[in-house]
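File shown: input-v4.txt (compact mmCIF, C-alpha atoms and all ligand atoms).
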# COMPACT_ATOMS: atom_id res chain seq x y z
CA MET A 1 34.21 -1.11 19.80
CA ALA A 2 35.29 1.04 22.71
CA ASN A 3 34.84 4.28 20.75
CA ILE A 4 31.22 3.76 19.76
CA LEU A 5 29.24 6.85 20.57
CA ILE A 6 26.39 5.87 22.80
CA ARG A 7 23.96 8.72 22.93
CA PRO A 8 22.12 9.31 26.15
CA GLY A 9 18.72 7.73 25.63
CA TRP A 10 17.19 7.99 22.17
CA HIS A 11 18.91 11.17 21.08
CA VAL A 12 16.00 13.37 22.08
CA PRO A 13 16.60 17.04 21.22
CA GLU A 14 16.69 19.22 24.34
CA HIS A 15 13.47 21.08 23.50
CA LEU A 16 11.60 17.81 23.29
CA VAL A 17 12.70 16.33 26.58
CA THR A 18 9.36 15.95 28.35
CA PRO A 19 8.54 19.56 29.19
CA GLU A 20 6.29 20.13 32.17
CA LYS A 21 3.25 20.67 29.93
CA ALA A 22 3.76 17.30 28.27
CA PHE A 23 4.24 15.66 31.64
CA LEU A 24 0.96 17.14 32.83
CA LYS A 25 -0.70 15.94 29.63
CA ARG A 26 0.65 12.46 30.35
CA ARG A 27 -0.86 12.54 33.81
CA GLU A 28 -4.13 13.65 32.25
CA PHE A 29 -3.94 10.75 29.75
CA LEU A 30 -3.35 8.28 32.54
CA ARG A 31 -6.11 9.84 34.62
CA GLN A 32 -8.57 9.52 31.75
CA MET A 33 -7.59 5.90 31.41
CA GLY A 34 -8.08 5.25 35.12
CA PHE A 35 -4.38 4.79 35.80
CA THR A 36 -3.91 7.27 38.59
CA GLY A 37 -5.74 7.57 41.86
CA ALA A 38 -8.26 4.78 41.47
CA GLY A 39 -5.54 2.67 39.85
CA LEU A 40 -5.68 -0.39 37.69
CA ALA A 41 -8.96 -1.75 38.93
CA ALA A 42 -10.73 1.19 37.33
CA ALA A 43 -9.03 0.81 33.97
CA HIS A 44 -11.67 -1.54 32.71
CA THR A 45 -14.59 0.84 33.02
CA ALA A 46 -12.48 3.93 32.42
CA PHE A 47 -12.08 2.85 28.85
CA ALA A 48 -15.73 3.31 28.09
CA GLN A 49 -15.44 6.92 29.27
CA ALA A 50 -12.08 7.41 27.58
CA ASP A 51 -13.77 6.70 24.27
CA ALA A 52 -15.26 10.15 24.43
CA LYS A 53 -11.73 11.60 24.48
CA SER A 54 -10.53 9.52 21.56
CA PRO A 55 -9.40 11.47 18.51
CA VAL A 56 -11.74 9.23 16.48
CA LYS A 57 -15.03 11.07 16.53
CA ASP A 58 -17.51 8.66 14.98
CA ALA A 59 -16.03 5.20 15.09
CA ALA A 60 -19.19 3.44 13.90
CA ALA A 61 -19.31 5.45 10.68
CA VAL A 62 -15.70 4.75 9.77
CA LYS A 63 -15.20 2.67 6.62
CA THR A 64 -11.90 0.83 6.33
CA SER A 65 -11.02 2.33 2.97
CA LYS A 66 -11.34 5.83 4.35
CA VAL A 67 -9.61 5.49 7.70
CA TYR A 68 -5.98 5.94 6.69
CA PRO A 69 -4.30 8.06 7.75
CA ALA A 70 -6.06 8.11 11.12
CA PRO A 71 -5.82 11.09 13.48
CA ARG A 72 -2.68 11.02 15.58
CA HIS A 73 -3.10 10.76 19.34
CA PRO A 74 -1.50 13.97 20.74
CA GLU A 75 0.10 12.05 23.61
CA PHE A 76 2.05 9.94 21.12
CA SER A 77 3.21 12.39 18.49
CA ALA A 78 6.66 12.17 16.92
CA LYS A 79 9.00 13.03 19.79
CA TRP A 80 11.84 11.18 18.05
CA PRO A 81 12.99 11.03 14.44
CA LEU A 82 10.83 8.51 12.55
CA THR A 83 12.54 5.47 11.07
CA SER A 84 12.45 5.36 7.30
CA GLU A 85 9.27 3.65 6.05
CA ARG A 86 11.27 1.69 3.48
CA VAL A 87 13.58 0.24 6.12
CA ALA A 88 10.74 -0.63 8.54
CA GLY A 89 9.08 -2.52 5.68
CA THR A 90 12.16 -4.39 4.47
CA TYR A 91 13.85 -5.42 7.73
CA ASN A 92 11.42 -7.74 9.49
CA ASN A 93 11.13 -10.67 11.82
CA PHE A 94 8.36 -12.99 10.63
CA TYR A 95 9.71 -16.53 10.97
CA GLU A 96 6.68 -18.11 9.29
CA PHE A 97 8.16 -16.72 6.04
CA THR A 98 11.92 -16.80 6.62
CA THR A 99 14.53 -16.03 9.26
CA ASP A 100 16.25 -13.66 6.81
CA LYS A 101 14.96 -10.23 7.83
CA GLU A 102 15.66 -8.61 4.48
CA GLU A 103 13.85 -11.35 2.54
CA VAL A 104 10.56 -11.48 4.49
CA HIS A 105 8.86 -8.81 2.37
CA ARG A 106 9.72 -10.72 -0.82
CA LEU A 107 8.07 -13.95 0.41
CA THR A 108 4.68 -12.69 1.60
CA GLY A 109 3.09 -12.42 -1.87
CA LYS A 110 0.87 -15.50 -1.45
CA PHE A 111 -0.29 -14.57 2.04
CA VAL A 112 -4.06 -13.93 1.86
CA THR A 113 -5.17 -11.35 4.43
CA GLU A 114 -8.77 -10.77 3.30
CA PRO A 115 -11.20 -11.96 4.57
CA TRP A 116 -9.66 -12.31 8.04
CA PRO A 117 -11.92 -13.81 10.70
CA VAL A 118 -10.60 -13.45 14.23
CA LYS A 119 -12.00 -15.77 16.90
CA ILE A 120 -12.22 -14.25 20.38
CA GLY A 121 -13.25 -16.56 23.18
CA GLY A 122 -12.33 -18.45 26.33
CA PHE A 123 -13.54 -17.05 29.65
CA VAL A 124 -15.69 -14.20 28.28
CA GLU A 125 -19.40 -13.39 28.46
CA LYS A 126 -19.61 -12.42 24.79
CA PRO A 127 -17.35 -14.52 22.56
CA MET A 128 -17.25 -13.45 18.94
CA THR A 129 -15.81 -14.23 15.56
CA VAL A 130 -15.32 -11.01 13.70
CA ASP A 131 -13.49 -9.91 10.57
CA ALA A 132 -10.48 -7.61 10.99
CA LYS A 133 -12.34 -4.94 8.96
CA GLU A 134 -15.34 -5.09 11.27
CA LEU A 135 -13.06 -4.50 14.24
CA VAL A 136 -11.83 -1.32 12.58
CA GLU A 137 -15.42 -0.21 12.07
CA MET A 138 -16.30 -1.08 15.67
CA PHE A 139 -13.52 0.77 17.38
CA GLY A 140 -12.21 3.36 14.93
CA LEU A 141 -8.54 4.06 14.51
CA GLU A 142 -5.91 6.41 15.84
CA GLU A 143 -2.22 6.78 15.09
CA ARG A 144 0.52 6.60 17.71
CA VAL A 145 4.25 7.01 17.28
CA TYR A 146 5.94 4.41 19.47
CA ARG A 147 9.46 3.20 19.97
CA PHE A 148 9.89 -0.45 19.11
CA ARG A 149 12.72 -2.54 20.55
CA CYS A 150 13.66 -6.04 19.40
CA VAL A 151 15.50 -8.38 21.79
CA GLU A 152 18.18 -8.66 19.09
CA ALA A 153 19.14 -5.09 20.10
CA TRP A 154 17.77 -3.26 17.09
CA ALA A 155 15.13 -0.58 17.33
CA MET A 156 12.91 1.76 15.36
CA VAL A 157 10.39 4.58 15.85
CA VAL A 158 7.25 4.20 13.74
CA PRO A 159 3.67 5.48 13.54
CA TRP A 160 1.28 2.57 14.15
CA THR A 161 -2.46 2.84 13.42
CA GLY A 162 -4.89 0.88 15.54
CA PHE A 163 -6.98 0.95 18.69
CA PRO A 164 -6.36 0.09 22.34
CA LEU A 165 -6.78 -3.65 23.00
CA ALA A 166 -8.75 -2.63 26.11
CA LYS A 167 -11.65 -1.51 23.91
CA LEU A 168 -11.94 -5.00 22.48
CA ILE A 169 -11.62 -6.55 25.92
CA GLU A 170 -14.42 -4.34 27.16
CA LYS A 171 -16.63 -5.57 24.32
CA VAL A 172 -16.20 -9.30 25.00
CA ALA A 173 -16.63 -8.85 28.78
CA PRO A 174 -14.09 -11.21 30.38
CA LYS A 175 -15.26 -13.34 33.29
CA SER A 176 -13.43 -13.01 36.60
CA ASP A 177 -11.58 -16.28 35.90
CA ALA A 178 -9.77 -14.67 32.95
CA LYS A 179 -6.27 -13.80 34.15
CA PHE A 180 -4.31 -13.87 30.87
CA VAL A 181 -4.91 -13.36 27.16
CA ARG A 182 -3.41 -15.84 24.70
CA PHE A 183 -2.85 -14.72 21.09
CA GLU A 184 -2.32 -16.96 18.07
CA THR A 185 -1.00 -16.24 14.56
CA ALA A 186 -2.36 -17.81 11.37
CA PHE A 187 -0.70 -21.13 10.47
CA ARG A 188 -0.79 -21.67 6.70
CA PRO A 189 2.17 -23.70 5.45
CA GLU A 190 0.96 -23.31 1.85
CA GLN A 191 1.26 -19.53 2.10
CA MET A 192 4.12 -19.33 4.63
CA PRO A 193 7.30 -20.89 3.25
CA GLY A 194 9.23 -20.58 6.51
CA VAL A 195 7.20 -23.00 8.62
CA ALA A 196 8.30 -26.03 6.61
CA ARG A 197 11.94 -25.06 7.10
CA LEU A 198 11.57 -24.62 10.85
CA ARG A 199 9.91 -27.96 11.52
CA GLY A 200 10.98 -28.16 15.16
CA TYR A 201 9.16 -24.92 16.06
CA PRO A 202 5.96 -25.27 18.10
CA TRP A 203 3.73 -23.55 15.50
CA PRO A 204 1.46 -21.70 15.42
CA TYR A 205 3.25 -18.63 16.83
CA THR A 206 1.60 -17.80 20.12
CA GLU A 207 2.07 -15.05 22.68
CA GLY A 208 0.41 -13.90 25.87
CA LEU A 209 -0.15 -11.05 28.27
CA ARG A 210 -1.37 -10.75 31.82
CA MET A 211 -4.82 -9.21 32.01
CA ASP A 212 -3.54 -5.91 33.45
CA GLU A 213 -0.94 -5.69 30.65
CA ALA A 214 -3.59 -6.41 28.04
CA LEU A 215 -5.85 -3.73 29.51
CA HIS A 216 -3.10 -1.13 29.72
CA PRO A 217 -3.84 1.93 27.53
CA LEU A 218 -0.48 1.64 25.73
CA THR A 219 -1.27 -1.87 24.42
CA MET A 220 -2.61 -1.60 20.89
CA VAL A 221 -4.22 -3.79 18.27
CA VAL A 222 -2.55 -2.50 15.12
CA THR A 223 -3.95 -2.50 11.58
CA GLY A 224 -1.80 0.17 9.93
CA LEU A 225 1.67 1.64 9.63
CA TYR A 226 2.82 5.01 8.28
CA GLY A 227 -0.78 6.05 7.65
CA LYS A 228 -1.58 3.04 5.44
CA PRO A 229 -2.96 -0.46 5.99
CA LEU A 230 -0.37 -2.73 7.61
CA PRO A 231 1.97 -4.39 5.08
CA ARG A 232 1.92 -8.21 5.16
CA GLN A 233 5.54 -8.38 6.32
CA ASN A 234 4.66 -6.23 9.35
CA GLY A 235 1.79 -8.52 10.39
CA ALA A 236 -1.27 -7.71 8.26
CA PRO A 237 -4.08 -7.38 8.80
CA LEU A 238 -3.96 -7.32 12.60
CA ARG A 239 -1.13 -7.48 15.12
CA LEU A 240 -0.35 -6.52 18.66
CA ILE A 241 1.99 -3.75 19.81
CA VAL A 242 3.21 -3.69 23.42
CA PRO A 243 5.82 -0.92 23.33
CA TRP A 244 7.48 -1.56 26.71
CA LYS A 245 8.21 -5.22 25.92
CA TYR A 246 10.66 -6.87 23.52
CA GLY A 247 9.36 -7.10 19.97
CA TYR A 248 8.54 -10.81 20.02
CA LYS A 249 5.62 -10.11 22.36
CA SER A 250 4.08 -8.03 19.51
CA ILE A 251 2.57 -11.00 17.70
CA LYS A 252 1.64 -10.62 14.03
CA SER A 253 -1.34 -11.69 11.85
CA ILE A 254 -3.56 -12.69 14.78
CA VAL A 255 -6.42 -15.15 14.14
CA LYS A 256 -7.33 -16.04 17.71
CA MET A 257 -7.49 -14.43 21.15
CA ASP A 258 -8.40 -16.51 24.18
CA PHE A 259 -9.05 -15.33 27.71
CA VAL A 260 -7.53 -17.99 29.97
CA VAL A 261 -6.98 -18.84 33.62
CA LYS A 262 -3.35 -19.96 33.49
CA GLN A 263 -0.31 -18.27 32.01
CA PRO A 264 -0.27 -19.52 28.40
CA ASN A 265 2.71 -21.14 26.70
CA THR A 266 4.34 -18.94 24.08
CA LEU A 267 6.35 -20.10 21.07
CA TRP A 268 9.56 -18.43 22.21
CA GLU A 269 9.26 -19.41 25.86
CA THR A 270 8.64 -23.02 24.82
CA LEU A 271 11.77 -22.98 22.66
CA ALA A 272 14.09 -21.27 25.16
CA PRO A 273 12.58 -20.32 28.52
CA ASN A 274 15.83 -18.82 29.83
CA GLU A 275 16.09 -16.52 26.79
CA TYR A 276 12.47 -15.48 26.29
CA PRO A 277 10.58 -15.41 29.58
CA PHE A 278 6.86 -14.63 29.53
CA GLU A 279 7.19 -11.11 30.99
CA SER A 280 9.99 -9.80 28.76
CA ASN A 281 9.92 -6.11 29.63
CA VAL A 282 12.73 -4.13 28.00
CA ASN A 283 15.48 -4.01 30.63
CA PRO A 284 18.96 -2.67 29.82
CA ALA A 285 20.33 -4.08 33.08
CA LEU A 286 19.38 -7.68 32.29
CA PRO A 287 21.53 -9.12 29.50
CA HIS A 288 20.09 -11.77 27.21
CA PRO A 289 22.46 -14.79 26.92
CA ARG A 290 23.32 -13.72 23.35
CA TRP A 291 22.81 -9.97 23.24
CA SER A 292 23.70 -7.29 25.75
CA GLN A 293 20.57 -5.22 26.25
CA ALA A 294 22.42 -2.07 27.35
CA SER A 295 22.17 -0.35 23.96
CA GLU A 296 20.44 -0.73 20.63
CA ARG A 297 21.02 0.01 16.95
CA ILE A 298 18.51 2.21 15.12
CA ILE A 299 17.81 0.23 11.95
CA ASP A 300 17.92 3.01 9.37
CA THR A 301 20.70 5.26 10.67
CA GLY A 302 22.81 2.54 12.26
CA GLU A 303 23.20 4.80 15.26
CA ARG A 304 23.77 3.08 18.61
CA VAL A 305 21.81 4.52 21.52
CA ARG A 306 21.38 3.62 25.14
CA THR A 307 18.41 1.39 25.96
CA LEU A 308 15.90 2.71 28.46
CA PRO A 309 14.07 0.63 31.09
CA PHE A 310 10.62 -0.33 29.77
CA ASN A 311 11.81 1.07 26.43
CA GLY A 312 11.20 4.59 27.78
CA TYR A 313 7.61 3.91 28.89
CA GLY A 314 8.37 3.51 32.60
CA ASP A 315 6.20 6.48 33.59
CA TYR A 316 3.24 4.62 32.19
CA VAL A 317 3.94 1.02 33.14
CA ALA A 318 6.53 0.63 35.92
CA LYS A 319 3.68 0.60 38.39
CA LEU A 320 2.41 -2.69 36.97
CA TYR A 321 5.58 -4.37 38.17
CA ALA A 322 6.12 -2.63 41.51
CA LYS A 323 6.73 -5.23 44.18
CA LYS A 324 3.76 -5.46 46.47
CA GLY A 325 4.02 -5.71 50.23
N1 LIG B 401 4.87 -12.62 15.00
C1 LIG B 401 4.88 -13.77 14.29
N2 LIG B 401 3.72 -14.37 14.06
N3 LIG B 401 6.03 -14.33 13.84
C2 LIG B 401 7.26 -13.77 14.11
O1 LIG B 401 8.29 -14.32 13.68
N4 LIG B 401 8.47 -11.95 15.21
C3 LIG B 401 8.43 -11.06 16.38
C4 LIG B 401 7.25 -10.10 16.29
N5 LIG B 401 6.04 -10.80 15.96
C5 LIG B 401 7.29 -12.56 14.86
C6 LIG B 401 6.05 -11.99 15.27
C7 LIG B 401 9.68 -10.31 16.53
S1 LIG B 401 11.02 -11.18 17.09
C8 LIG B 401 9.76 -8.98 16.25
S2 LIG B 401 11.15 -8.11 16.64
C9 LIG B 401 8.65 -8.25 15.62
O2 LIG B 401 7.55 -9.10 15.29
C10 LIG B 401 9.12 -7.57 14.34
O3 LIG B 401 8.11 -6.74 13.83
P1 LIG B 401 8.38 -5.93 12.47
O4 LIG B 401 8.85 -6.89 11.44
O5 LIG B 401 7.07 -5.29 12.12
O6 LIG B 401 9.44 -4.91 12.79

Since I need it in another form, could you write the structure as C-alpha cells?
Amino acid sequence: MANILIRPGWHVPEHLVTPEKAFLKRREFLRQMGFTGAGLAAAHTAFAQADAKSPVKDAAAVKTSKVYPAPRHPEFSAKWPLTSERVAGTYNNFYEFTTDKEEVHRLTGKFVTEPWPVKIGGFVEKPMTVDAKELVEMFGLEERVYRFRCVEAWAMVVPWTGFPLAKLIEKVAPKSDAKFVRFETAFRPEQMPGVARLRGYPWPYTEGLRMDEALHPLTMVVTGLYGKPLPRQNGAPLRLIVPWKYGYKSIKSIVKMDFVVKQPNTLWETLAPNEYPFESNVNPALPHPRWSQASERIIDTGERVRTLPFNGYGDYVAKLYAKKG
C-alpha cells in the first residue's frame, strides 16, 4: 500500500486551479447570496434578490418535462473530470433497497415516484404539502457540478440539477423558533426490499441540518442528474445535496421536511453516534473508526486522491464553523 500514488487534491489541472478571475467570481457569488460583509444573517433575504441572478430566467413558466438539461450555474462548472454516468448510477448507497451498492439499481423497479407529495411544516408561517413537480415549477432548475464524498472513502464528481434549499425555506417562512430542519425519506416496505432485512434500523431514514447550513447557497434540493430526471437509485424524485458533508447527510427520496427547535435525531447518529455525528463535515484529519478519511477513491477510475477539508468547499463554508469568541 505504501506505493499508492496520492495526487495532491482532486487532480486539478494547473490551468484550472482557481485563477484570480474565478476567485473574484466566487466572492461575487457569495456577495450576491449575502455571505460576505453583512454575513449569514442577510442570507435569508438575499436569496430573494439572488433569484434575479439565477440562470433560470422564468421559473414559473418551466414545465417539468422541458427542464432537463437545466442551465449550468457558471460558478459550478466542470472544474474536475466528471465521473462516468453509468458508474454513478450503478454504485449506490440506498439501504432501503439493499446494502449491496451494485445491486441497488436492480431493486428499485417497484418504487413509485409519481405523484410525490412532500409535506413541509413544523415552525413555519406557511406550511405546505406540494408535489415534487410543483416544486420544480415554483423554483426552476439549474445544474451544478459538485464533488461528492462518502464516509466510506469513495468519491465522485457529478452534475446535479435542482434549486437551492434556501428558496424553499424562504417560501415557507420559518418562525424564529426554527433552529434545525429535519428531513425524512419515504418508508414503503412493499416497494423497498431492504427495510425488511434491516429490521433493527430506526426507519424511516432521517437527516438534519442546522438552519444556517440549510440556508447556505451550496445546499441544494436535487431533482436531476446528468441533465435528466434523477434515477430512482440516486434518490428520485427529490433529494438533498450538501457537498461539504459526508454523503449520508444527502438524504434521498424526501417526503417530509420539518422546521424544529431541537437538533433532530438522524438514522445514522441513532445507530452509531461515535461514527456518524450530526455535523459530519468532510475532514481528512479526523479518522472514522473504520475508514481513514485522509484520502478517497474515485469510483470510476479507481484513482486515490487526497481528501480536502470540507470536501474542497472551505472557501464557502468554513466560516459557518469558525469558533466564536
Ligand atoms: N438516503 C436514504 N434514504 N437512504 C440511504 O441509504 N445513503 C446515503 C445518502 N442518502 C442513503 C441516503 C449515503 S451513505 C450516501 S454515500 C449517498 O446517499 C449515496 O448517494 P448516491 O447513491 O446517489 O451516490

> What gap, in Å, lies between CA of Ala294 in chain A and CA of Tyr246 in chain A?
Replying inline: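 These atoms are spaced 13.3 Å apart.
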
>> For ligand LIG 401 (chain B), return the neighbouring residues as a list of chain:residue names (distance at most 6 Å; all atoms listed in the file).
In response: A:Asn92, A:Asn93, A:Phe94, A:Tyr95, A:Glu96, A:Cys150, A:Thr185, A:Tyr205, A:Asn234, A:Gly247, A:Tyr248, A:Ser250, A:Ile251, A:Lys252

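Nearest-residue note for Gly194 in chain A: choosing from A:Thr129, A:Thr99, A:Asn274, A:Thr223, the minimum distance belongs to A:Thr99, counting only C-alpha atoms.
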
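Of the residues listed (A:Glu152, A:Ile298, A:Ala196, A:Gly235), A:Glu152 shows the shortest atom-to-atom separation from Glu275 in chain A; distances use all atoms listed in the file.
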
> Quick one: distance from CA of Glu85 in chain A to CA of Pro159 in chain A in Å, one decimal?
Replying inline: 9.5 Å

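Restricting the calculation to only C-alpha atoms, the smallest distance between Leu107 in chain A and any of A:Asn283, A:Gln263, A:Ser292, A:Thr90 is found for A:Thr90.
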
> Could you name the residues that touch Ala70 in chain A at 8 Å or less, counting only C-alpha atoms, but leaving out those on the same chain fewer than 4 positions away, as a PyMOL selection string?
Replying inline: chain A and resi 56+141-143+161+227

>> Using Å and a single decimal, report how far CA of Lys249 in chain A sits from CA of Ser176 in chain A.
In response: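 These atoms are spaced 24.0 Å apart.
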
Mind dumping a table of every range 185-256 of chain A residue within 10 Å of range 318-322 of chain A, with the nearest atom pair and its distance in Å to one decimal, using all atoms listed in the file, sorted by chain and rising number, as a Markdown table?
| residue | atom | partner | partner_atom | distance |
| --- | --- | --- | --- | --- |
| A:Asp212 | CA | A:Leu320 | CA | 7.6 |
| A:Glu213 | CA | A:Leu320 | CA | 7.8 |
| A:His216 | CA | A:Leu320 | CA | 9.2 |
| A:Trp244 | CA | A:Ala318 | CA | 9.5 |

> Using only C-alpha atoms, which of A:Phe111, A:Phe148, A:Phe180, A:Trp80 sits nearest Ala236 in chain A?
Replying inline: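 Among the listed residues, the smallest separation from Ala236 in chain A belongs to A:Phe111.
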
>> At a cut-off of 9 Å, using only C-alpha atoms, what residues contact Phe310 in chain A? Leave out same-chain residues fewer than 3 positions from it and give the result as a list in words.
In response: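 Once the nearby chain positions are removed, what remains is Pro243, Trp244, Lys245, Asn281, Val282, Asn283, Pro284, Thr307, Tyr313, Gly314, Asp315, Val317 and Ala318 of chain A.
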
> Which residue out of A:Leu198, A:Pro204, A:Glu125, A:Leu230 has the minimum interatomic distance to Gly162 in chain A when all atoms listed in the file are used?
Replying inline: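 Once distances to Gly162 in chain A are computed over all atoms listed in the file, the minimum belongs to A:Leu230.
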
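Considering the residues A:Tyr316, A:Trp116, A:Val221, A:Pro237 and counting all atoms listed in the file, Phe29 in chain A has its shortest atom-to-atom contact with A:Tyr316.
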
> Can you list, as a ChimeraX atom specification, every protein, DNA or RNA residue that comes within 10 Å of Val260 in chain A when you count all atoms listed in the file, leaving out same-chain residues fewer than 2 positions away?
Replying inline: /A:121-124,174-175,177-182,208,210-211,257-258,262-264

>> Need to verify the contact set: Val255 in chain A, 8 Å, only C-alpha atoms, exclusion of same-chain residues closer than 5 positions in sequence. Can you return it as a list of chain:residue names?
In response: A:Trp116, A:Pro117, A:Val118, A:Lys119, A:Phe183, A:Glu184, A:Thr185, A:Ala186

>> Need the shell around Ala155 in chain A: protein/DNA/RNA residues with any atom at most 8 Å away, counting only C-alpha atoms. Skip same-chain ones fewer than 6 positions apart. Format as a PyMOL selection string?
In response: chain A and resi 147-149+296-299

Return as AutoDock Vina command-line options the box centre and box size in Å, one decimal, for an axis-aligned box around all listed atoms of range 111-121 of chain A padded by 6 Å per side.
--center_x -6.8 --center_y -13.7 --center_z 12.5 --size_x 25.0 --size_y 17.8 --size_z 33.3
